[in-house]
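Engineer: If you scroll down you'll find the structure; I have some questions about it.
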Amino acid sequence: MDHKAPLDKDKIDPERMKILRNLPVEVKAQLTGEEAQAFLYGEPLPESLVEKLKDFIVIDNN
């Protein structure tokens with residue numbers, strides 16, 4: 001069985017946590033744990049998450 005390492009709360013980006021908390025409830029309800037984790041830890045965002053947040057994020061390709 002594949003076990004994930006425990007989450008390190010010290011590595012959560014506080015700005016991203018603030019953003020996540022301020023999303024509309026209906027958007028937050030759609031997020032999976034994996035998507036929320038990727039967002040909070042500054043990991044590459046899954047396409048599914050980018051699609052859910054497309055009205056709230058700006059992607060900088062520079």
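FYI, nothing fancy with the structure tokens labels: chains A, B, ... in order, residues from 1 per chain, ligands from 1 as they appear.
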Which residues, written as a PDB file with N, CA and C atoms, in the first residue's frame, have at least one atom at most 12 Å from Gly42 of chain A, with only C-alpha atoms counted and residues fewer than 2 positions away on the same chain left out?

Structural biologist:
ATOM      1  N   LYS A  11       5.958  23.994   6.259  1.00  0.00           N
ATOM      2  CA  LYS A  11       6.286  24.273   4.858  1.00  0.00           C
ATOM      3  C   LYS A  11       5.104  24.826   4.073  1.00  0.00           C
ATOM      4  N   ILE A  12       3.963  24.993   4.741  1.00  0.00           N
ATOM      5  CA  ILE A  12       2.797  25.580   4.069  1.00  0.00           C
ATOM      6  C   ILE A  12       3.080  27.052   3.816  1.00  0.00           C
ATOM      7  N   ASP A  13       2.778  27.512   2.602  1.00  0.00           N
ATOM      8  CA  ASP A  13       2.953  28.914   2.230  1.00  0.00           C
ATOM      9  C   ASP A  13       1.809  29.723   2.865  1.00  0.00           C
ATOM     10  N   PRO A  14       2.132  30.640   3.802  1.00  0.00           N
ATOM     11  CA  PRO A  14       1.063  31.378   4.486  1.00  0.00           C
ATOM     12  C   PRO A  14       0.196  32.216   3.547  1.00  0.00           C
ATOM     13  N   GLU A  15       0.785  32.741   2.493  1.00  0.00           N
ATOM     14  CA  GLU A  15       0.002  33.519   1.529  1.00  0.00           C
ATOM     15  C   GLU A  15      -0.999  32.627   0.804  1.00  0.00           C
ATOM     16  N   ARG A  16      -0.555  31.428   0.451  1.00  0.00           N
ATOM     17  CA  ARG A  16      -1.459  30.495  -0.225  1.00  0.00           C
ATOM     18  C   ARG A  16      -2.564  30.024   0.712  1.00  0.00           C
ATOM     19  N   MET A  17      -2.249  29.867   2.004  1.00  0.00           N
ATOM     20  CA  MET A  17      -3.270  29.484   2.976  1.00  0.00           C
ATOM     21  C   MET A  17      -4.338  30.576   3.054  1.00  0.00           C
ATOM     22  N   GLU A  35      -5.267  18.264  -4.356  1.00  0.00           N
ATOM     23  CA  GLU A  35      -5.216  19.589  -4.981  1.00  0.00           C
ATOM     24  C   GLU A  35      -4.885  20.663  -3.951  1.00  0.00           C
ATOM     25  N   ALA A  36      -5.540  20.604  -2.797  1.00  0.00           N
ATOM     26  CA  ALA A  36      -5.285  21.591  -1.751  1.00  0.00           C
ATOM     27  C   ALA A  36      -3.836  21.503  -1.280  1.00  0.00           C
ATOM     28  N   GLN A  37      -3.330  20.293  -1.126  1.00  0.00           N
ATOM     29  CA  GLN A  37      -1.947  20.104  -0.687  1.00  0.00           C
ATOM     30  C   GLN A  37      -0.975  20.700  -1.706  1.00  0.00           C
ATOM     31  N   ALA A  38      -1.183  20.433  -2.982  1.00  0.00           N
ATOM     32  CA  ALA A  38      -0.302  20.970  -4.024  1.00  0.00           C
ATOM     33  C   ALA A  38      -0.301  22.497  -3.966  1.00  0.00           C
ATOM     34  N   PHE A  39      -1.469  23.082  -3.799  1.00  0.00           N
ATOM     35  CA  PHE A  39      -1.572  24.540  -3.747  1.00  0.00           C
ATOM     36  C   PHE A  39      -0.854  25.099  -2.523  1.00  0.00           C
ATOM     37  N   LEU A  40      -1.106  24.515  -1.360  1.00  0.00           N
ATOM     38  CA  LEU A  40      -0.537  25.034  -0.109  1.00  0.00           C
ATOM     39  C   LEU A  40       0.971  24.879  -0.028  1.00  0.00           C
ATOM     40  N   PRO A  44       3.693  21.821  -8.199  1.00  0.00           N
ATOM     41  CA  PRO A  44       3.023  22.026  -9.486  1.00  0.00           C
ATOM     42  C   PRO A  44       1.531  21.721  -9.345  1.00  0.00           C
ATOM     43  N   LEU A  45       0.704  22.593  -9.883  1.00  0.00           N
ATOM     44  CA  LEU A  45      -0.739  22.431  -9.732  1.00  0.00           C
ATOM     45  C   LEU A  45      -1.288  21.412 -10.725  1.00  0.00           C
ATOM     46  N   PRO A  46      -2.094  20.465 -10.241  1.00  0.00           N
ATOM     47  CA  PRO A  46      -2.742  19.533 -11.159  1.00  0.00           C
ATOM     48  C   PRO A  46      -3.664  20.302 -12.105  1.00  0.00           C
TER      49      PRO A  46
END

Engineer: Between atom CA of Ser48 of chain A and atom CA of Leu23 of chain A, what is the distance in Å, rounded to a tenth?

Structural biologist: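 Taking atom CA of Ser48 of chain A and atom CA of Leu23 of chain A, their separation equals 16.2 Å.
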
Engineer: Figure out the distance between atom CA of Pro24 of chain A and atom CA of Ile57 of chain A, please, to one decimal in Å.

Structural biologist: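 Atom CA of Ile57 of chain A sits 13.4 Å away from atom CA of Pro24 of chain A.
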
Engineer: When you count only C-alpha atoms, which of these residues is closest to Asp10 of chain A: A:Leu31, A:Tyr41, A:Leu53, A:Asp60?

Structural biologist: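 Of the candidates, the smallest distance to Asp10 of chain A is held by A:Tyr41.
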
Engineer: Might you pull out every residue within 8 Å of Gln30 of chain A, with only C-alpha atoms counted and same-chain residues fewer than 3 positions away left off, and present them as a list in words?

Structural biologist: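 After dropping sequence-adjacent residues, the list is Glu26, Val27 and Lys52 of chain A.
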
Engineer: Could you give me, as an MDAnalysis selection string, each residue of chain A that DSSP assigns to helix (DSSP H, G or I) when run on this structure's backbone?

Structural biologist: chainID A and resid 9:11 14:22 25:28 33:40 47:53

Engineer: Next, dump the selected residues to file, keeping only N, CA and C atoms, as a PDB file, in the first residue's frame.

Structural biologist:
ATOM      1  N   LYS A   9       3.515  21.071   8.388  1.00  0.00           N
ATOM      2  CA  LYS A   9       2.780  22.336   8.450  1.00  0.00           C
ATOM      3  C   LYS A   9       3.703  23.541   8.374  1.00  0.00           C
ATOM      4  N   ASP A  10       4.980  23.370   8.714  1.00  0.00           N
ATOM      5  CA  ASP A  10       5.930  24.481   8.642  1.00  0.00           C
ATOM      6  C   ASP A  10       6.250  24.868   7.203  1.00  0.00           C
ATOM      7  N   LYS A  11       5.958  23.994   6.259  1.00  0.00           N
ATOM      8  CA  LYS A  11       6.286  24.273   4.858  1.00  0.00           C
ATOM      9  C   LYS A  11       5.104  24.826   4.073  1.00  0.00           C
ATOM     10  N   PRO A  14       2.132  30.640   3.802  1.00  0.00           N
ATOM     11  CA  PRO A  14       1.063  31.378   4.486  1.00  0.00           C
ATOM     12  C   PRO A  14       0.196  32.216   3.547  1.00  0.00           C
ATOM     13  N   GLU A  15       0.785  32.741   2.493  1.00  0.00           N
ATOM     14  CA  GLU A  15       0.002  33.519   1.529  1.00  0.00           C
ATOM     15  C   GLU A  15      -0.999  32.627   0.804  1.00  0.00           C
ATOM     16  N   ARG A  16      -0.555  31.428   0.451  1.00  0.00           N
ATOM     17  CA  ARG A  16      -1.459  30.495  -0.225  1.00  0.00           C
ATOM     18  C   ARG A  16      -2.564  30.024   0.712  1.00  0.00           C
ATOM     19  N   MET A  17      -2.249  29.867   2.004  1.00  0.00           N
ATOM     20  CA  MET A  17      -3.270  29.484   2.976  1.00  0.00           C
ATOM     21  C   MET A  17      -4.338  30.576   3.054  1.00  0.00           C
ATOM     22  N   LYS A  18      -3.897  31.835   3.061  1.00  0.00           N
ATOM     23  CA  LYS A  18      -4.828  32.961   3.107  1.00  0.00           C
ATOM     24  C   LYS A  18      -5.729  32.956   1.867  1.00  0.00           C
ATOM     25  N   ILE A  19      -5.130  32.701   0.716  1.00  0.00           N
ATOM     26  CA  ILE A  19      -5.894  32.656  -0.538  1.00  0.00           C
ATOM     27  C   ILE A  19      -6.924  31.530  -0.481  1.00  0.00           C
ATOM     28  N   LEU A  20      -6.486  30.353  -0.057  1.00  0.00           N
ATOM     29  CA  LEU A  20      -7.385  29.200   0.004  1.00  0.00           C
ATOM     30  C   LEU A  20      -8.560  29.480   0.942  1.00  0.00           C
ATOM     31  N   ARG A  21      -8.289  30.078   2.072  1.00  0.00           N
ATOM     32  CA  ARG A  21      -9.352  30.387   3.037  1.00  0.00           C
ATOM     33  C   ARG A  21     -10.352  31.392   2.487  1.00  0.00           C
ATOM     34  N   ASN A  22      -9.914  32.250   1.571  1.00  0.00           N
ATOM     35  CA  ASN A  22     -10.787  33.293   1.044  1.00  0.00           C
ATOM     36  C   ASN A  22     -11.532  32.896  -0.229  1.00  0.00           C
ATOM     37  N   VAL A  25     -16.975  29.292  -0.792  1.00  0.00           N
ATOM     38  CA  VAL A  25     -17.240  27.973  -0.208  1.00  0.00           C
ATOM     39  C   VAL A  25     -17.498  26.934  -1.298  1.00  0.00           C
ATOM     40  N   GLU A  26     -18.236  27.305  -2.328  1.00  0.00           N
ATOM     41  CA  GLU A  26     -18.562  26.334  -3.382  1.00  0.00           C
ATOM     42  C   GLU A  26     -17.315  25.891  -4.150  1.00  0.00           C
ATOM     43  N   VAL A  27     -16.315  26.748  -4.242  1.00  0.00           N
ATOM     44  CA  VAL A  27     -15.058  26.373  -4.902  1.00  0.00           C
ATOM     45  C   VAL A  27     -14.252  25.464  -3.977  1.00  0.00           C
ATOM     46  N   LYS A  28     -14.131  25.846  -2.709  1.00  0.00           N
ATOM     47  CA  LYS A  28     -13.385  25.021  -1.744  1.00  0.00           C
ATOM     48  C   LYS A  28     -13.978  23.625  -1.637  1.00  0.00           C
ATOM     49  N   GLY A  33      -8.146  16.709  -1.515  1.00  0.00           N
ATOM     50  CA  GLY A  33      -7.032  16.879  -0.590  1.00  0.00           C
ATOM     51  C   GLY A  33      -5.721  17.038  -1.326  1.00  0.00           C
ATOM     52  N   GLU A  34      -5.563  16.277  -2.397  1.00  0.00           N
ATOM     53  CA  GLU A  34      -4.329  16.339  -3.192  1.00  0.00           C
ATOM     54  C   GLU A  34      -4.170  17.716  -3.837  1.00  0.00           C
ATOM     55  N   GLU A  35      -5.267  18.264  -4.356  1.00  0.00           N
ATOM     56  CA  GLU A  35      -5.216  19.589  -4.981  1.00  0.00           C
ATOM     57  C   GLU A  35      -4.885  20.663  -3.951  1.00  0.00           C
ATOM     58  N   ALA A  36      -5.540  20.604  -2.797  1.00  0.00           N
ATOM     59  CA  ALA A  36      -5.285  21.591  -1.751  1.00  0.00           C
ATOM     60  C   ALA A  36      -3.836  21.503  -1.280  1.00  0.00           C
ATOM     61  N   GLN A  37      -3.330  20.293  -1.126  1.00  0.00           N
ATOM     62  CA  GLN A  37      -1.947  20.104  -0.687  1.00  0.00           C
ATOM     63  C   GLN A  37      -0.975  20.700  -1.706  1.00  0.00           C
ATOM     64  N   ALA A  38      -1.183  20.433  -2.982  1.00  0.00           N
ATOM     65  CA  ALA A  38      -0.302  20.970  -4.024  1.00  0.00           C
ATOM     66  C   ALA A  38      -0.301  22.497  -3.966  1.00  0.00           C
ATOM     67  N   PHE A  39      -1.469  23.082  -3.799  1.00  0.00           N
ATOM     68  CA  PHE A  39      -1.572  24.540  -3.747  1.00  0.00           C
ATOM     69  C   PHE A  39      -0.854  25.099  -2.523  1.00  0.00           C
ATOM     70  N   LEU A  40      -1.106  24.515  -1.360  1.00  0.00           N
ATOM     71  CA  LEU A  40      -0.537  25.034  -0.109  1.00  0.00           C
ATOM     72  C   LEU A  40       0.971  24.879  -0.028  1.00  0.00           C
ATOM     73  N   GLU A  47      -3.802  19.822 -13.335  1.00  0.00           N
ATOM     74  CA  GLU A  47      -4.668  20.471 -14.319  1.00  0.00           C
ATOM     75  C   GLU A  47      -6.073  20.647 -13.764  1.00  0.00           C
ATOM     76  N   SER A  48      -6.562  19.656 -13.009  1.00  0.00           N
ATOM     77  CA  SER A  48      -7.912  19.733 -12.453  1.00  0.00           C
ATOM     78  C   SER A  48      -8.049  20.941 -11.522  1.00  0.00           C
ATOM     79  N   LEU A  49      -6.999  21.240 -10.777  1.00  0.00           N
ATOM     80  CA  LEU A  49      -7.028  22.378  -9.865  1.00  0.00           C
ATOM     81  C   LEU A  49      -6.965  23.692 -10.633  1.00  0.00           C
ATOM     82  N   VAL A  50      -6.127  23.736 -11.642  1.00  0.00           N
ATOM     83  CA  VAL A  50      -6.033  24.946 -12.475  1.00  0.00           C
ATOM     84  C   VAL A  50      -7.400  25.253 -13.077  1.00  0.00           C
ATOM     85  N   GLU A  51      -8.096  24.220 -13.532  1.00  0.00           N
ATOM     86  CA  GLU A  51      -9.426  24.405 -14.116  1.00  0.00           C
ATOM     87  C   GLU A  51     -10.402  24.961 -13.077  1.00  0.00           C
ATOM     88  N   LYS A  52     -10.369  24.433 -11.853  1.00  0.00           N
ATOM     89  CA  LYS A  52     -11.286  24.887 -10.798  1.00  0.00           C
ATOM     90  C   LYS A  52     -10.988  26.316 -10.363  1.00  0.00           C
ATOM     91  N   LEU A  53      -9.725  26.718 -10.434  1.00  0.00           N
ATOM     92  CA  LEU A  53      -9.319  28.050  -9.956  1.00  0.00           C
ATOM     93  C   LEU A  53      -9.119  29.064 -11.073  1.00  0.00           C
TER      94      LEU A  53
END
